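Printed here is input02.csv (CSV, C-alpha atoms):
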chain,number,residue,atom,x,y,z
A,1,MET,CA,-5.0,65.0,2.3
A,2,THR,CA,-4.3,68.8,2.7
A,3,LEU,CA,-4.9,71.3,-0.1
A,4,ALA,CA,-1.2,71.8,-0.4
A,5,ASN,CA,-0.5,68.1,-0.8
A,6,LYS,CA,-3.3,67.9,-3.4
A,7,PHE,CA,-1.4,70.5,-5.5
A,8,THR,CA,1.7,68.5,-5.2
A,9,MET,CA,-0.2,65.3,-6.1
A,10,SER,CA,-1.5,67.0,-9.2
A,11,ARG,CA,2.1,67.7,-10.2
A,12,VAL,CA,3.1,64.1,-9.7
A,13,LEU,CA,0.1,62.8,-11.8
A,14,LEU,CA,0.6,65.3,-14.6
A,15,ALA,CA,4.3,64.7,-15.1
A,16,PRO,CA,3.8,61.4,-17.1
A,17,VAL,CA,0.9,63.1,-19.0
A,18,PHE,CA,3.4,65.8,-20.2
A,19,CYS,CA,5.8,63.0,-21.3
A,20,ALA,CA,3.0,61.2,-23.2
A,21,VAL,CA,1.9,64.4,-24.9
A,22,TYR,CA,5.5,65.3,-25.7
A,23,PHE,CA,6.1,62.1,-27.6
A,24,LEU,CA,2.6,62.0,-29.2
A,25,PRO,CA,3.8,63.4,-32.5
A,26,SER,CA,6.4,60.6,-32.9
A,27,VAL,CA,3.5,58.2,-33.0
A,28,PHE,CA,0.9,60.4,-34.7
A,29,PRO,CA,2.9,63.0,-36.8
A,30,SER,CA,-0.2,65.1,-37.4
A,31,THR,CA,-0.5,66.0,-33.7
A,32,GLY,CA,2.5,68.3,-33.6
A,33,ALA,CA,0.5,71.5,-33.2
A,34,LEU,CA,-2.0,69.9,-30.9
A,35,SER,CA,0.9,68.8,-28.6
A,36,VAL,CA,2.1,72.4,-28.4
A,37,TYR,CA,-1.4,73.7,-27.3
A,38,ILE,CA,-1.4,71.1,-24.5
A,39,MET,CA,2.2,71.1,-23.3
A,40,ILE,CA,2.6,74.8,-22.7
A,41,PRO,CA,-0.4,75.2,-20.3
A,42,LEU,CA,0.4,71.9,-18.8
A,43,LEU,CA,3.9,72.9,-17.8
A,44,VAL,CA,2.7,76.3,-16.7
A,45,PHE,CA,0.1,74.7,-14.4
A,46,MET,CA,2.6,72.2,-13.0
A,47,GLU,CA,5.1,74.9,-12.2
A,48,LEU,CA,2.4,77.1,-10.6
A,49,THR,CA,1.3,74.2,-8.3
A,50,ASP,CA,4.8,74.3,-6.9
A,51,PHE,CA,4.1,77.8,-5.7
A,52,PHE,CA,0.6,77.1,-4.6
A,53,ASP,CA,1.4,74.1,-2.5
A,54,GLY,CA,3.9,76.1,-0.4
A,55,TYR,CA,1.7,79.2,-0.3
A,56,PHE,CA,-1.4,77.3,1.0
A,57,ALA,CA,0.6,75.1,3.4
A,58,ARG,CA,1.8,78.3,5.1
A,59,LYS,CA,-1.4,80.2,4.8
A,60,MET,CA,-3.6,77.4,6.2
A,61,GLY,CA,-1.0,76.3,8.8
A,62,GLU,CA,-0.6,72.9,7.1
A,63,VAL,CA,3.2,72.8,6.9
A,64,SER,CA,4.1,69.2,7.6
A,65,ASP,CA,7.1,66.8,7.6
A,66,PHE,CA,5.3,64.8,4.9
A,67,GLY,CA,4.8,67.9,2.8
A,68,LYS,CA,8.5,68.8,3.1
A,69,LEU,CA,9.3,65.4,1.5
A,70,PHE,CA,6.4,65.2,-1.0
A,71,ASP,CA,6.9,68.7,-2.4
A,72,PRO,CA,10.5,68.2,-3.5
A,73,PHE,CA,9.6,64.7,-4.8
A,74,GLY,CA,7.0,66.3,-7.0
A,75,ASP,CA,9.5,68.9,-8.2
A,76,VAL,CA,12.1,66.3,-9.0
A,77,LEU,CA,9.6,64.2,-10.9
A,78,VAL,CA,8.4,67.1,-13.1
A,79,HIS,CA,11.9,68.4,-13.8
A,80,LEU,CA,13.5,65.1,-14.6
A,81,THR,CA,10.6,64.1,-16.8
A,82,THR,CA,10.8,67.3,-18.8
A,83,PHE,CA,14.6,67.2,-19.0
A,84,PHE,CA,14.4,63.6,-20.3
A,85,CYS,CA,12.0,64.8,-23.0
A,86,PHE,CA,14.5,67.5,-24.0
A,87,ILE,CA,17.4,65.1,-24.2
A,88,CYS,CA,15.4,62.9,-26.6
A,89,SER,CA,14.9,66.0,-28.9
A,90,GLY,CA,18.5,67.2,-28.6
A,91,TYR,CA,17.8,70.3,-26.5
A,92,MET,CA,19.7,69.1,-23.5
A,93,ARG,CA,23.1,67.3,-23.2
A,94,PRO,CA,22.8,63.8,-21.8
A,95,PHE,CA,25.8,64.2,-19.5
A,96,VAL,CA,24.1,67.3,-17.9
A,97,PHE,CA,20.9,65.3,-17.3
A,98,ILE,CA,22.8,62.3,-15.8
A,99,LEU,CA,24.7,64.6,-13.3
A,100,ILE,CA,21.5,66.4,-12.4
A,101,PHE,CA,19.8,63.0,-12.0
A,102,TYR,CA,22.5,61.9,-9.6
A,103,ARG,CA,22.2,65.1,-7.6
A,104,GLU,CA,18.5,64.9,-7.2
A,105,PHE,CA,18.4,61.3,-6.1
A,106,SER,CA,21.3,61.9,-3.7
A,107,MET,CA,19.3,64.8,-2.2
A,108,LEU,CA,16.2,62.6,-1.9
A,109,PHE,CA,18.3,60.0,-0.1
A,110,LEU,CA,19.6,62.6,2.3
A,111,ARG,CA,16.0,63.7,3.0
A,112,LEU,CA,14.9,60.1,3.7
A,113,VAL,CA,17.9,59.5,6.0
A,114,ALA,CA,17.1,62.8,7.8
A,115,VAL,CA,13.5,61.8,8.3
A,116,ARG,CA,14.6,58.5,9.8
A,117,GLN,CA,16.4,60.6,12.5
A,118,GLY,CA,13.4,62.9,13.0
A,119,ILE,CA,14.7,65.8,10.9
A,120,ALA,CA,12.6,67.2,8.0
A,121,ILE,CA,14.8,69.0,5.5
A,122,GLY,CA,13.0,72.0,4.1
A,123,ALA,CA,13.9,74.1,1.1
A,124,ARG,CA,16.9,76.4,1.4
A,125,LYS,CA,17.7,79.5,-0.7
A,126,GLY,CA,20.2,77.6,-2.9
A,127,GLY,CA,17.6,74.9,-3.6
A,128,LYS,CA,15.0,77.6,-4.5
A,129,LEU,CA,17.5,79.3,-6.9
A,130,LYS,CA,18.2,75.9,-8.5
A,131,THR,CA,14.5,75.4,-9.0
A,132,VAL,CA,14.1,78.8,-10.7
A,133,LEU,CA,16.9,78.0,-13.1
A,134,TYR,CA,15.3,74.6,-13.8
A,135,VAL,CA,12.1,76.4,-14.7
A,136,VAL,CA,13.7,79.0,-16.9
A,137,ALA,CA,15.8,76.4,-18.7
A,138,GLY,CA,12.8,74.1,-19.1
A,139,PHE,CA,10.6,76.8,-20.6
A,140,PHE,CA,13.4,78.0,-22.9
A,141,ALA,CA,13.8,74.4,-24.3
A,142,LEU,CA,10.0,74.0,-24.5
A,143,PHE,CA,9.8,77.3,-26.5
A,144,ARG,CA,12.3,75.9,-29.0
A,145,VAL,CA,10.4,72.5,-29.2
A,146,CYS,CA,7.1,74.3,-29.8
A,147,ALA,CA,8.5,76.7,-32.4
A,148,ALA,CA,9.9,73.8,-34.4
A,149,ARG,CA,6.6,71.9,-34.2
A,150,MET,CA,4.6,74.9,-35.3
A,151,GLY,CA,7.0,75.3,-38.3
A,152,PHE,CA,8.4,78.7,-37.2
A,153,GLU,CA,11.9,79.4,-38.4
A,154,ILE,CA,13.8,80.9,-35.5
A,155,PRO,CA,16.8,83.0,-36.4
A,156,PHE,CA,20.2,82.7,-34.8
A,157,GLY,CA,19.8,78.9,-34.3
A,158,SER,CA,23.4,78.4,-33.2
A,159,MET,CA,23.1,81.2,-30.6
A,160,LEU,CA,20.0,79.6,-29.2
A,161,ASN,CA,21.8,76.2,-29.0
A,162,THR,CA,24.6,78.0,-27.0
A,163,ALA,CA,22.1,79.8,-24.8
A,164,GLY,CA,20.3,76.5,-24.1
A,165,ASP,CA,23.6,74.8,-23.2
A,166,VAL,CA,24.6,77.7,-20.9
A,167,LEU,CA,21.2,77.6,-19.1
A,168,PHE,CA,21.4,73.9,-18.5
A,169,LEU,CA,25.0,74.2,-17.3
A,170,LEU,CA,23.9,76.9,-14.9
A,171,CYS,CA,21.2,74.5,-13.7
A,172,LEU,CA,23.9,71.9,-13.1
A,173,LEU,CA,26.1,74.3,-11.2
A,174,ALA,CA,23.3,75.6,-9.0
A,175,ALA,CA,22.2,72.0,-8.4
A,176,TYR,CA,25.6,71.0,-7.0
A,177,VAL,CA,26.3,74.2,-5.1
A,178,SER,CA,23.0,73.8,-3.3
A,179,PHE,CA,23.7,70.2,-2.7
A,180,VAL,CA,27.0,71.0,-1.0
A,181,ASP,CA,25.0,73.6,1.1
A,182,TYR,CA,22.6,70.9,2.2
A,183,LEU,CA,25.4,68.6,3.0
A,184,LEU,CA,27.2,71.2,5.1
A,185,THR,CA,24.0,72.0,6.9
A,186,PHE,CA,22.5,68.5,7.4
A,187,GLY,CA,25.5,66.3,6.8
A,188,LYS,CA,25.5,65.3,10.5
A,189,VAL,CA,22.6,63.0,9.7
A,190,LEU,CA,24.9,60.9,7.6
A,191,LYS,CA,27.6,60.8,10.3
A,192,ASP,CA,25.1,59.7,12.9
A,193,LEU,CA,24.0,56.6,10.8
A,194,LYS,CA,24.4,53.3,12.5
Represent the supplied structure as structure tokens.
Amino acid sequence: MTLANKFTMSRVLLAPVFCAVYFLPSVFPSTGALSVYIMIPLLVFMELTDFFDGYFARKMGEVSDFGKLFDPFGDVLVHLTTFFCFICSGYMRPFVFILIFYREFSMLFLRLVAVRQGIAIGARKGGKLKTVLYVVAGFFALFRVCAARMGFEIPFGSMLNTAGDVLFLLCLLAAYVSFVDYLLTFGKVLKDLK
């Protein structure tokens, strides 16, 4: 396994760890502060591996069709895991999550169909912008979760709720705009199915 794919694999393995730590205080209430000290560096590390896998794949000449599938799979796993956690805490609207879920699995399906026809769909600018918005919205929600667990009183709570909703709606918009872009660029693979 290449170094780039090892970074992606670490993301895949750590996503369920984040989920377990997130829900730890619901089982052991005294672990609220501990979960904060684990979740923040964990999410930072997972998001950094998304940069490192692409960087080292290009630097070491290890860009591969497998990596073009594995990297977005790792991204989707991390983001859907964190978004699910935020739904359970009320920081993300369920309908936004469901629509993002549909988009991500439709995109994975498109990638698999393309691979079957010998085409590896790499990341496009729209997909990268969507990922940046996912990261920003995810850290914004995590900041609010961590502040609550540490007992900090955050002023302007209703404004933060609105800001969180707007960020996740921007994620949703970017997700579908980029998906349409992928369909326009690679939709031929669906037409050629037999």
Glu47 (chain A): which residues within 9 Å, counting all atoms listed in the file, same-chain residues fewer than 2 positions away excluded, as a PDB file with C-alpha atoms, keeping the file's coordinate frame?
ATOM      1  CA  ARG A  11       2.100  67.700 -10.200  1.00  0.00           C
ATOM      2  CA  LEU A  42       0.400  71.900 -18.800  1.00  0.00           C
ATOM      3  CA  LEU A  43       3.900  72.900 -17.800  1.00  0.00           C
ATOM      4  CA  VAL A  44       2.700  76.300 -16.700  1.00  0.00           C
ATOM      5  CA  PHE A  45       0.100  74.700 -14.400  1.00  0.00           C
ATOM      6  CA  THR A  49       1.300  74.200  -8.300  1.00  0.00           C
ATOM      7  CA  ASP A  50       4.800  74.300  -6.900  1.00  0.00           C
ATOM      8  CA  PHE A  51       4.100  77.800  -5.700  1.00  0.00           C
ATOM      9  CA  ASP A  75       9.500  68.900  -8.200  1.00  0.00           C
ATOM     10  CA  VAL A  78       8.400  67.100 -13.100  1.00  0.00           C
ATOM     11  CA  VAL A 135      12.100  76.400 -14.700  1.00  0.00           C
TER      12      VAL A 135
END
Who sits within 9 Å of Arg124 (chain A), only C-alpha atoms, same chain under 2 positions skipped, as an MDAnalysis selection string: chainID A and resid 121:122 126:129 178 181:182
Contacts of Leu183 (chain A) within 10 Å, all atoms listed in the file, excl. fewer than 6 positions in-chain, as a list in words: Met107, Leu110, Val177, Val189 and Leu190 of chain A
Output of the above residues as a PDB file, keeping the file's coordinate frame, restricted to C-alpha atoms:
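Dumped everything to result.pdb:
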ATOM      1  CA  MET A 107      19.300  64.800  -2.200  1.00  0.00           C
ATOM      2  CA  LEU A 110      19.600  62.600   2.300  1.00  0.00           C
ATOM      3  CA  VAL A 177      26.300  74.200  -5.100  1.00  0.00           C
ATOM      4  CA  VAL A 189      22.600  63.000   9.700  1.00  0.00           C
ATOM      5  CA  LEU A 190      24.900  60.900   7.600  1.00  0.00           C
TER       6      LEU A 190
END
For CA of Phe86 (chain A) and CA of Thr8 (chain A), the interatomic separation in Å (one decimal): 22.8 Å
Exercise: residues within 12 Å of coordinate (19.8, 60.1, 0.6), counting all atoms listed in the file, as a PyMOL selection string: chain A and resi 69+102-116+121+179+182-183+186-187+189-190+193
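Going from CA of Phe84 (chain A) over to CA of Leu167 (chain A), you cover 15.6 Å.
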Pairwise distance for CA of Met46 (chain A) and CA of Lys130 (chain A), rounded to one decimal in Å: 16.7 Å
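For the choices A:Val21, A:Leu133, A:Ile154, A:Ala4, the atom-to-atom distance to Arg58 (chain A) is smallest for A:Ala4 when using all atoms listed in the file.
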Given only C-alpha atoms as the counted atoms, nearest of A:Leu170, A:Phe7, A:Leu13, A:Phe139 to Thr82 (chain A): A:Phe139
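Distance check against Phe56 (chain A) using only C-alpha atoms: of A:Thr2, A:Ser35, A:Ser10, A:Ser158, the minimum falls on A:Thr2.
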Given only C-alpha atoms as the counted atoms, nearest of A:Pro94, A:Gly138, A:Gly164, A:Gly67 to Lys6 (chain A): A:Gly67
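Minimum distance to Leu80 (chain A) across A:Val132, A:Leu24, A:Ile100, A:Val36 (counting all atoms listed in the file) occurs at A:Ile100.
Counting only C-alpha atoms, the residue from A:Met39, A:Phe18, A:Thr185, A:Leu172 that sits nearest to Phe95 (chain A) is A:Leu172.
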Regenerate region 125-147 of chain A at the level of N, CA and C atoms and dump it as a compact mmCIF listing (two decimals), in the coordinates of the input.
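Resulting contents of result.txt:
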# COMPACT_ATOMS: atom_id res chain seq x y z
N LYS A 125 17.59 78.50 0.37
CA LYS A 125 17.70 79.50 -0.70
C LYS A 125 18.37 78.94 -1.95
N GLY A 126 19.45 78.18 -1.73
CA GLY A 126 20.20 77.60 -2.90
C GLY A 126 19.31 76.64 -3.66
N GLY A 127 18.50 75.86 -2.95
CA GLY A 127 17.60 74.90 -3.60
C GLY A 127 16.51 75.65 -4.39
N LYS A 128 16.05 76.78 -3.85
CA LYS A 128 15.00 77.60 -4.50
C LYS A 128 15.59 78.21 -5.80
N LEU A 129 16.83 78.70 -5.72
CA LEU A 129 17.50 79.30 -6.90
C LEU A 129 17.65 78.23 -7.98
N LYS A 130 18.05 77.04 -7.56
CA LYS A 130 18.20 75.90 -8.50
C LYS A 130 16.89 75.64 -9.21
N THR A 131 15.80 75.63 -8.45
CA THR A 131 14.50 75.40 -9.00
C THR A 131 14.10 76.44 -10.04
N VAL A 132 14.38 77.69 -9.72
CA VAL A 132 14.10 78.80 -10.70
C VAL A 132 14.85 78.59 -11.96
N LEU A 133 16.11 78.21 -11.86
CA LEU A 133 16.90 78.00 -13.10
C LEU A 133 16.36 76.77 -13.86
N TYR A 134 15.93 75.72 -13.15
CA TYR A 134 15.30 74.60 -13.80
C TYR A 134 14.09 75.04 -14.63
N VAL A 135 13.28 75.89 -14.02
CA VAL A 135 12.10 76.40 -14.70
C VAL A 135 12.40 77.20 -15.91
N VAL A 136 13.35 78.12 -15.76
CA VAL A 136 13.70 79.00 -16.90
C VAL A 136 14.30 78.15 -18.03
N ALA A 137 15.21 77.23 -17.71
CA ALA A 137 15.80 76.40 -18.70
C ALA A 137 14.76 75.49 -19.40
N GLY A 138 13.83 74.99 -18.59
CA GLY A 138 12.80 74.10 -19.10
C GLY A 138 11.87 74.85 -20.09
N PHE A 139 11.46 76.07 -19.74
CA PHE A 139 10.60 76.80 -20.60
C PHE A 139 11.34 77.29 -21.89
N PHE A 140 12.62 77.59 -21.75
CA PHE A 140 13.40 78.00 -22.90
C PHE A 140 13.48 76.81 -23.91
N ALA A 141 13.74 75.60 -23.39
CA ALA A 141 13.80 74.40 -24.30
C ALA A 141 12.41 74.14 -24.86
N LEU A 142 11.36 74.27 -24.05
CA LEU A 142 10.00 74.00 -24.50
C LEU A 142 9.63 75.01 -25.64
N PHE A 143 10.03 76.26 -25.47
CA PHE A 143 9.80 77.30 -26.50
C PHE A 143 10.40 76.84 -27.83
N ARG A 144 11.60 76.31 -27.78
CA ARG A 144 12.30 75.90 -29.00
C ARG A 144 11.58 74.66 -29.62
N VAL A 145 11.16 73.73 -28.77
CA VAL A 145 10.40 72.50 -29.20
C VAL A 145 9.14 72.97 -29.92
N CYS A 146 8.40 73.85 -29.25
CA CYS A 146 7.10 74.30 -29.80
C CYS A 146 7.24 75.06 -31.07
N ALA A 147 8.25 75.92 -31.14
CA ALA A 147 8.50 76.70 -32.40
C ALA A 147 8.75 75.75 -33.54
